[in-house]
Amino acid sequence: MELPKIQNSERYVGLYIFDFGDNAGVGFTAEEVAELLESEKYKDCKVYKIHKAYPDGRVELKGVPAQSFQLEAGMFFYSADLETANKDFKQLVNLAVKTAPPCRAKVHLAHLPSGMAKSIRPGGQAKYNDDKFAVALIYPAEYDDEVSSWLLEGEYKTGGAAEGGTGAVQRYYDQKPQILERHQLFGKYAFESRTAEQLLASVKLAVQR
C-alpha cells in the first residue's frame with residue numbers, strides 16, 4: 001500500500017486509511033469507513049487507523065478489523081447500592097457536559113437483578129434484595145481507545161469493580177437490565193462526515209481532507 005505524502009500529518013491522528021486495493025485514501029472518519037464497508041464493492045477492503053504522526057509526515061498505523069465498525073463496546077462500573085451507582089452516573093454525565101466525549105455514546109444507570117424486587121418502599125420506590133447496579137457507557141467499538149483516554153483525562157473514578165470491551169456489552173444485554181435512568185452523549189468531532197454521495201464521489205482521492 002503506497003501512501004501520499006501528508007502535510008500537517010498530526011491533523012490526521014484518529015482518522016483512517018482505506019485500502020481499496022488499486023489505491024488508498026487517507027483521512028476517512030469512522031462513520032465514512034463504516035459506510036464504505038457496508039457496500040458490496042468495498043466490504044472486503046482493509047482499514048488502518050492513524051495512531052501517531054510525526055512532523056516529517058510519517059505516521060504509525062494500526063490495522064482495524066472490519067467487524068469493529070459494526071460492534072458496540074462499553075465500559076461498566078459496578079456498585080452494590082443504588083446511591084453509589086447514582087453518584088457514579090451523575091459524575092459521568094457531568095464529565096460529558098464539561099468535556100464532550102470523542103464519539104456519540106449512551107449512558108445507563110441500570111439495575112442488574114439477581115431476583116425480583118423484594119418490596120416497595122413508601123413513595124413507590126423499589127427495594128431490591130442482593131442486587132448489583134451498574135453505570136453503563138456504550139459506544140461504537142472503533143472508538144475504544146479514544147473513550148478510554150477521555151475517561152482517564154477526565155479523571156473519572158469509581159470505587160467498585162469495572163469491566164469493558166465488546167463482550168461486556170453482550171453480557172450486559174443478556175442480563176436484561178432494568179434501566180433506571182439514561183442519557184445520550186453527543187461526541188465532539190474534529191471533522192464532519194460526508195454524505196454517502198459525497199463519499200463515493202471522492203474514493204479516488206489520495207488525501208480525503
# chains A, B, ... in the order shown; residues from 1 in each chain; ligands from 1

call {"tool": "select_by_dssp", "arguments": {"residues": "range 56-206 of chain A", "states": "alpha helix (DSSP H)", "output": "JSON, numbers by chain"}}
result
{"A": [82, 83, 84, 85, 86, 87, 88, 89, 90, 91, 92, 93, 94, 95, 96, 97, 98, 144, 145, 146, 147, 148, 149, 150, 151, 152, 153, 166, 167, 168, 169, 170, 171, 172, 173, 174, 196, 197, 198, 199, 200]}

call {"tool": "closest_atom_pairs", "arguments": {"of": "range 144-186 of chain A", "to": "range 72-78 of chain A", "cutoff": "10 Å", "atoms": "only C-alpha atoms", "output": "tab-separated table"}}
result
residue	atom	partner	partner_atom	distance
A:Asp144	CA	A:Ala73	CA	6.8
A:Val147	CA	A:Met75	CA	9.2
A:Ser148	CA	A:Met75	CA	8.8
A:Lys157	CA	A:Phe77	CA	9.3
A:Thr158	CA	A:Phe77	CA	7.0
A:Gly159	CA	A:Tyr78	CA	8.5
A:Gly160	CA	A:Tyr78	CA	5.5
A:Ala161	CA	A:Tyr78	CA	5.4
A:Ala162	CA	A:Phe77	CA	4.5
A:Glu163	CA	A:Phe76	CA	5.4
A:Gly164	CA	A:Met75	CA	4.2
A:Gly165	CA	A:Ala73	CA	5.0
A:Thr166	CA	A:Ala73	CA	4.2
A:Gly167	CA	A:Ala73	CA	7.7
A:Ala168	CA	A:Gly74	CA	6.7
A:Val169	CA	A:Gly74	CA	5.7
A:Gln170	CA	A:Glu72	CA	8.8
A:Tyr172	CA	A:Phe76	CA	8.7

call {"tool": "write_last_selection", "arguments": {"atoms": "all heavy atoms", "output": "JSON list (two decimals), in the first residue's frame"}}
result
[["chain", "number", "residue", "atom", "x", "y", "z"],
["A", 144, "ASP", "N", -12.81, 2.77, 20.97],
["A", 144, "ASP", "CA", -12.45, 2.23, 22.28],
["A", 144, "ASP", "C", -11.26, 2.96, 22.90],
["A", 144, "ASP", "O", -11.29, 3.34, 24.08],
["A", 144, "ASP", "CB", -12.14, 0.73, 22.15],
["A", 144, "ASP", "CG", -12.47, -0.03, 23.41],
["A", 144, "ASP", "OD1", -13.21, 0.49, 24.26],
["A", 144, "ASP", "OD2", -11.99, -1.16, 23.56],
["A", 147, "VAL", "N", -12.20, 6.65, 23.92],
["A", 147, "VAL", "CA", -13.06, 6.74, 25.09],
["A", 147, "VAL", "C", -12.26, 6.46, 26.36],
["A", 147, "VAL", "O", -12.43, 7.15, 27.38],
["A", 147, "VAL", "CB", -14.26, 5.78, 24.97],
["A", 147, "VAL", "CG1", -15.02, 5.69, 26.28],
["A", 147, "VAL", "CG2", -15.19, 6.23, 23.85],
["A", 148, "SER", "N", -11.37, 5.49, 26.31],
["A", 148, "SER", "CA", -10.51, 5.20, 27.46],
["A", 148, "SER", "C", -9.67, 6.42, 27.83],
["A", 148, "SER", "O", -9.55, 6.77, 29.01],
["A", 148, "SER", "CB", -9.59, 4.00, 27.15],
["A", 148, "SER", "OG", -10.34, 2.83, 26.96],
["A", 157, "LYS", "N", -13.44, 8.31, 38.16],
["A", 157, "LYS", "CA", -13.08, 7.21, 39.06],
["A", 157, "LYS", "C", -14.31, 6.74, 39.82],
["A", 157, "LYS", "O", -15.16, 7.53, 40.22],
["A", 157, "LYS", "CB", -12.01, 7.66, 40.05],
["A", 157, "LYS", "CG", -10.69, 8.08, 39.41],
["A", 157, "LYS", "CD", -9.71, 8.61, 40.45],
["A", 157, "LYS", "CE", -8.41, 9.06, 39.79],
["A", 157, "LYS", "NZ", -7.46, 9.62, 40.78],
["A", 158, "THR", "N", -14.38, 5.43, 40.00],
["A", 158, "THR", "CA", -15.44, 4.84, 40.81],
["A", 158, "THR", "C", -14.80, 3.90, 41.82],
["A", 158, "THR", "O", -13.63, 3.50, 41.66],
["A", 158, "THR", "CB", -16.46, 4.07, 39.96],
["A", 158, "THR", "OG1", -15.79, 2.99, 39.29],
["A", 158, "THR", "CG2", -17.09, 4.99, 38.91],
["A", 159, "GLY", "N", -15.55, 3.52, 42.83],
["A", 159, "GLY", "CA", -14.99, 2.69, 43.88],
["A", 159, "GLY", "C", -15.17, 1.21, 43.70],
["A", 159, "GLY", "O", -14.52, 0.41, 44.39],
["A", 160, "GLY", "N", -16.02, 0.79, 42.78],
["A", 160, "GLY", "CA", -16.32, -0.62, 42.62],
["A", 160, "GLY", "C", -15.59, -1.27, 41.47],
["A", 160, "GLY", "O", -14.69, -0.69, 40.86],
["A", 161, "ALA", "N", -16.00, -2.49, 41.16],
["A", 161, "ALA", "CA", -15.41, -3.23, 40.05],
["A", 161, "ALA", "C", -15.80, -2.60, 38.71],
["A", 161, "ALA", "O", -16.82, -1.89, 38.61],
["A", 161, "ALA", "CB", -15.87, -4.68, 40.09],
["A", 162, "ALA", "N", -14.99, -2.84, 37.70],
["A", 162, "ALA", "CA", -15.27, -2.31, 36.37],
["A", 162, "ALA", "C", -14.81, -3.32, 35.32],
["A", 162, "ALA", "O", -13.92, -4.13, 35.57],
["A", 162, "ALA", "CB", -14.57, -0.97, 36.16],
["A", 163, "GLU", "N", -15.44, -3.28, 34.17],
["A", 163, "GLU", "CA", -15.01, -4.11, 33.05],
["A", 163, "GLU", "C", -15.36, -3.39, 31.75],
["A", 163, "GLU", "O", -16.16, -2.44, 31.74],
["A", 163, "GLU", "CB", -15.64, -5.49, 33.08],
["A", 163, "GLU", "CG", -17.14, -5.51, 32.87],
["A", 163, "GLU", "CD", -17.68, -6.92, 32.68],
["A", 163, "GLU", "OE1", -16.91, -7.81, 32.27],
["A", 163, "GLU", "OE2", -18.88, -7.12, 32.95],
["A", 164, "GLY", "N", -14.75, -3.83, 30.67],
["A", 164, "GLY", "CA", -15.03, -3.19, 29.39],
["A", 164, "GLY", "C", -14.85, -4.14, 28.24],
["A", 164, "GLY", "O", -14.46, -5.31, 28.41],
["A", 165, "GLY", "N", -15.15, -3.66, 27.03],
["A", 165, "GLY", "CA", -14.98, -4.45, 25.82],
["A", 165, "GLY", "C", -16.30, -4.74, 25.13],
["A", 165, "GLY", "O", -17.38, -4.38, 25.62],
["A", 166, "THR", "N", -16.21, -5.41, 23.99],
["A", 166, "THR", "CA", -17.42, -5.76, 23.24],
["A", 166, "THR", "C", -18.17, -6.90, 23.91],
["A", 166, "THR", "O", -19.40, -6.94, 23.90],
["A", 166, "THR", "CB", -17.07, -6.13, 21.79],
["A", 166, "THR", "OG1", -16.10, -7.20, 21.80],
["A", 166, "THR", "CG2", -16.46, -4.94, 21.06],
["A", 167, "GLY", "N", -17.44, -7.86, 24.48],
["A", 167, "GLY", "CA", -18.09, -8.98, 25.16],
["A", 167, "GLY", "C", -18.88, -8.54, 26.37],
["A", 167, "GLY", "O", -19.94, -9.10, 26.68],
["A", 168, "ALA", "N", -18.38, -7.51, 27.05],
["A", 168, "ALA", "CA", -19.08, -6.99, 28.23],
["A", 168, "ALA", "C", -20.43, -6.39, 27.85],
["A", 168, "ALA", "O", -21.39, -6.48, 28.62],
["A", 168, "ALA", "CB", -18.22, -5.95, 28.94],
["A", 169, "VAL", "N", -20.50, -5.79, 26.66],
["A", 169, "VAL", "CA", -21.77, -5.23, 26.20],
["A", 169, "VAL", "C", -22.81, -6.32, 26.00],
["A", 169, "VAL", "O", -23.96, -6.20, 26.43],
["A", 169, "VAL", "CB", -21.57, -4.44, 24.88],
["A", 169, "VAL", "CG1", -22.91, -3.96, 24.33],
["A", 169, "VAL", "CG2", -20.65, -3.25, 25.11],
["A", 170, "GLN", "N", -22.39, -7.41, 25.37],
["A", 170, "GLN", "CA", -23.34, -8.50, 25.13],
["A", 170, "GLN", "C", -23.79, -9.13, 26.43],
["A", 170, "GLN", "O", -24.98, -9.47, 26.60],
["A", 170, "GLN", "CB", -22.70, -9.57, 24.23],
["A", 170, "GLN", "CG", -23.69, -10.62, 23.75],
["A", 170, "GLN", "CD", -24.87, -10.02, 23.00],
["A", 170, "GLN", "OE1", -24.68, -9.28, 22.04],
["A", 170, "GLN", "NE2", -26.09, -10.30, 23.45],
["A", 172, "TYR", "N", -24.05, -7.63, 29.25],
["A", 172, "TYR", "CA", -24.96, -6.65, 29.84],
["A", 172, "TYR", "C", -26.36, -6.79, 29.25],
["A", 172, "TYR", "O", -27.36, -6.86, 29.97],
["A", 172, "TYR", "CB", -24.40, -5.25, 29.61],
["A", 172, "TYR", "CG", -25.31, -4.10, 29.98],
["A", 172, "TYR", "CD1", -25.55, -3.77, 31.31],
["A", 172, "TYR", "CD2", -25.91, -3.32, 28.98],
["A", 172, "TYR", "CE1", -26.36, -2.70, 31.65],
["A", 172, "TYR", "CE2", -26.72, -2.26, 29.32],
["A", 172, "TYR", "CZ", -26.94, -1.95, 30.64],
["A", 172, "TYR", "OH", -27.76, -0.89, 30.97]]

call {"tool": "atom_distance", "arguments": {"atom1": "CA of His111 in chain A", "atom2": "CA of Ser149 in chain A"}}
result
26.7 Å

call {"tool": "atom_distance", "arguments": {"atom1": "CA of Pro65 in chain A", "atom2": "CA of Glu153 in chain A"}}
result
26.7 Å

call {"tool": "select_by_dssp", "arguments": {"residues": "chain A", "states": "strand (DSSP E or B)", "output": "PyMOL selection string"}}
result
chain A and resi 16-19+24-28+46-53+59-63+72-79+105-112+119-120+126-127+132-140+162-165+178-185+207

call {"tool": "closest_residue", "arguments": {"among": "A:Val47, A:Ile6, A:Met1, A:Leu36", "to": "Asp22 in chain A", "atoms": "only C-alpha atoms"}}
result
A:Met1

call {"tool": "decode", "arguments": {"residues": "range 88-195 of chain A", "atoms": "C-alpha atoms", "output": "compact mmCIF listing (two decimals), in the first residue's frame"}}
result
# COMPACT_ATOMS: atom_id res chain seq x y z
CA ASP A 88 -21.23 7.48 39.52
CA PHE A 89 -23.88 8.07 36.84
CA LYS A 90 -24.10 11.81 37.57
CA GLN A 91 -20.32 12.10 37.65
CA LEU A 92 -20.07 10.59 34.15
CA VAL A 93 -22.81 12.79 32.72
CA ASN A 94 -21.19 15.87 34.26
CA LEU A 95 -17.87 14.92 32.68
CA ALA A 96 -19.55 14.80 29.26
CA VAL A 97 -21.06 18.26 29.87
CA LYS A 98 -17.66 19.65 30.81
CA THR A 99 -15.70 17.90 28.05
CA ALA A 100 -17.51 16.27 25.14
CA PRO A 101 -16.65 12.61 24.54
CA PRO A 102 -14.85 11.60 21.34
CA CYS A 103 -17.99 10.00 19.87
CA ARG A 104 -21.68 9.52 20.45
CA ALA A 105 -22.45 7.26 23.40
CA LYS A 106 -25.25 6.23 25.71
CA VAL A 107 -25.08 6.10 29.48
CA HIS A 108 -27.37 3.89 31.56
CA LEU A 109 -27.94 3.73 35.27
CA ALA A 110 -29.06 0.14 35.48
CA HIS A 111 -30.21 -2.46 37.96
CA LEU A 112 -28.89 -5.94 37.24
CA PRO A 113 -31.38 -8.15 39.04
CA SER A 114 -30.48 -11.33 40.83
CA GLY A 115 -34.17 -11.70 41.60
CA MET A 116 -37.37 -9.70 41.74
CA ALA A 117 -37.77 -6.62 43.87
CA LYS A 118 -38.40 -7.77 47.42
CA SER A 119 -40.66 -4.94 48.49
CA ILE A 120 -41.78 -1.43 47.69
CA ARG A 121 -40.71 1.41 49.91
CA PRO A 122 -43.10 4.22 50.84
CA GLY A 123 -43.46 6.53 47.87
CA GLY A 124 -43.31 3.67 45.37
CA GLN A 125 -39.52 3.19 45.26
CA ALA A 126 -38.43 -0.41 44.79
CA LYS A 127 -36.25 -2.04 47.43
CA TYR A 128 -34.05 -4.76 45.97
CA ASN A 129 -32.52 -7.81 47.55
CA ASP A 130 -28.95 -8.99 46.75
CA ASP A 131 -28.71 -6.59 43.84
CA LYS A 132 -25.99 -5.20 41.68
CA PHE A 133 -26.14 -1.83 39.99
CA ALA A 134 -24.14 -0.59 37.03
CA VAL A 135 -23.30 2.58 35.19
CA ALA A 136 -23.02 1.50 31.56
CA LEU A 137 -21.19 3.57 28.94
CA ILE A 138 -21.83 2.11 25.47
CA TYR A 139 -20.33 3.46 22.24
CA PRO A 140 -19.12 2.39 18.75
CA ALA A 141 -16.29 -0.12 19.16
CA GLU A 142 -13.92 1.73 16.84
CA TYR A 143 -13.63 4.50 19.46
CA ASP A 144 -12.45 2.23 22.28
CA ASP A 145 -9.01 3.84 22.66
CA GLU A 146 -10.37 7.37 22.49
CA VAL A 147 -13.06 6.74 25.09
CA SER A 148 -10.51 5.20 27.46
CA SER A 149 -8.30 8.26 27.06
CA TRP A 150 -11.27 10.58 27.61
CA LEU A 151 -12.14 8.89 30.90
CA LEU A 152 -8.52 8.98 32.08
CA GLU A 153 -8.05 12.63 31.16
CA GLY A 154 -11.36 13.49 32.84
CA GLU A 155 -10.22 11.64 35.97
CA TYR A 156 -13.40 9.59 36.11
CA LYS A 157 -13.08 7.21 39.06
CA THR A 158 -15.44 4.84 40.81
CA GLY A 159 -14.99 2.69 43.88
CA GLY A 160 -16.32 -0.62 42.62
CA ALA A 161 -15.41 -3.23 40.05
CA ALA A 162 -15.27 -2.31 36.37
CA GLU A 163 -15.01 -4.11 33.05
CA GLY A 164 -15.03 -3.19 29.39
CA GLY A 165 -14.98 -4.45 25.82
CA THR A 166 -17.42 -5.76 23.24
CA GLY A 167 -18.09 -8.98 25.16
CA ALA A 168 -19.08 -6.99 28.23
CA VAL A 169 -21.77 -5.23 26.20
CA GLN A 170 -23.34 -8.50 25.13
CA ARG A 171 -23.26 -9.84 28.70
CA TYR A 172 -24.96 -6.65 29.84
CA TYR A 173 -27.74 -7.03 27.28
CA ASP A 174 -28.13 -10.72 28.10
CA GLN A 175 -28.86 -9.84 31.73
CA LYS A 176 -31.87 -7.80 30.57
CA PRO A 177 -31.05 -4.90 32.89
CA GLN A 178 -33.70 -2.60 34.27
CA ILE A 179 -32.64 0.85 33.08
CA LEU A 180 -33.41 3.32 35.86
CA GLU A 181 -32.06 6.38 34.06
CA ARG A 182 -30.44 7.05 30.71
CA HIS A 183 -28.57 9.85 28.99
CA GLN A 184 -27.42 10.32 25.40
CA LEU A 185 -23.95 11.77 24.86
CA PHE A 186 -23.03 13.58 21.66
CA GLY A 187 -19.42 13.46 20.54
CA LYS A 188 -17.20 16.34 19.58
CA TYR A 189 -15.94 15.57 16.09
CA ALA A 190 -12.94 17.31 14.58
CA PHE A 191 -14.23 16.51 11.09
CA GLU A 192 -17.77 16.33 9.74
CA SER A 193 -18.57 13.05 7.99
CA ARG A 194 -19.72 13.36 4.40
CA THR A 195 -22.91 12.03 2.89
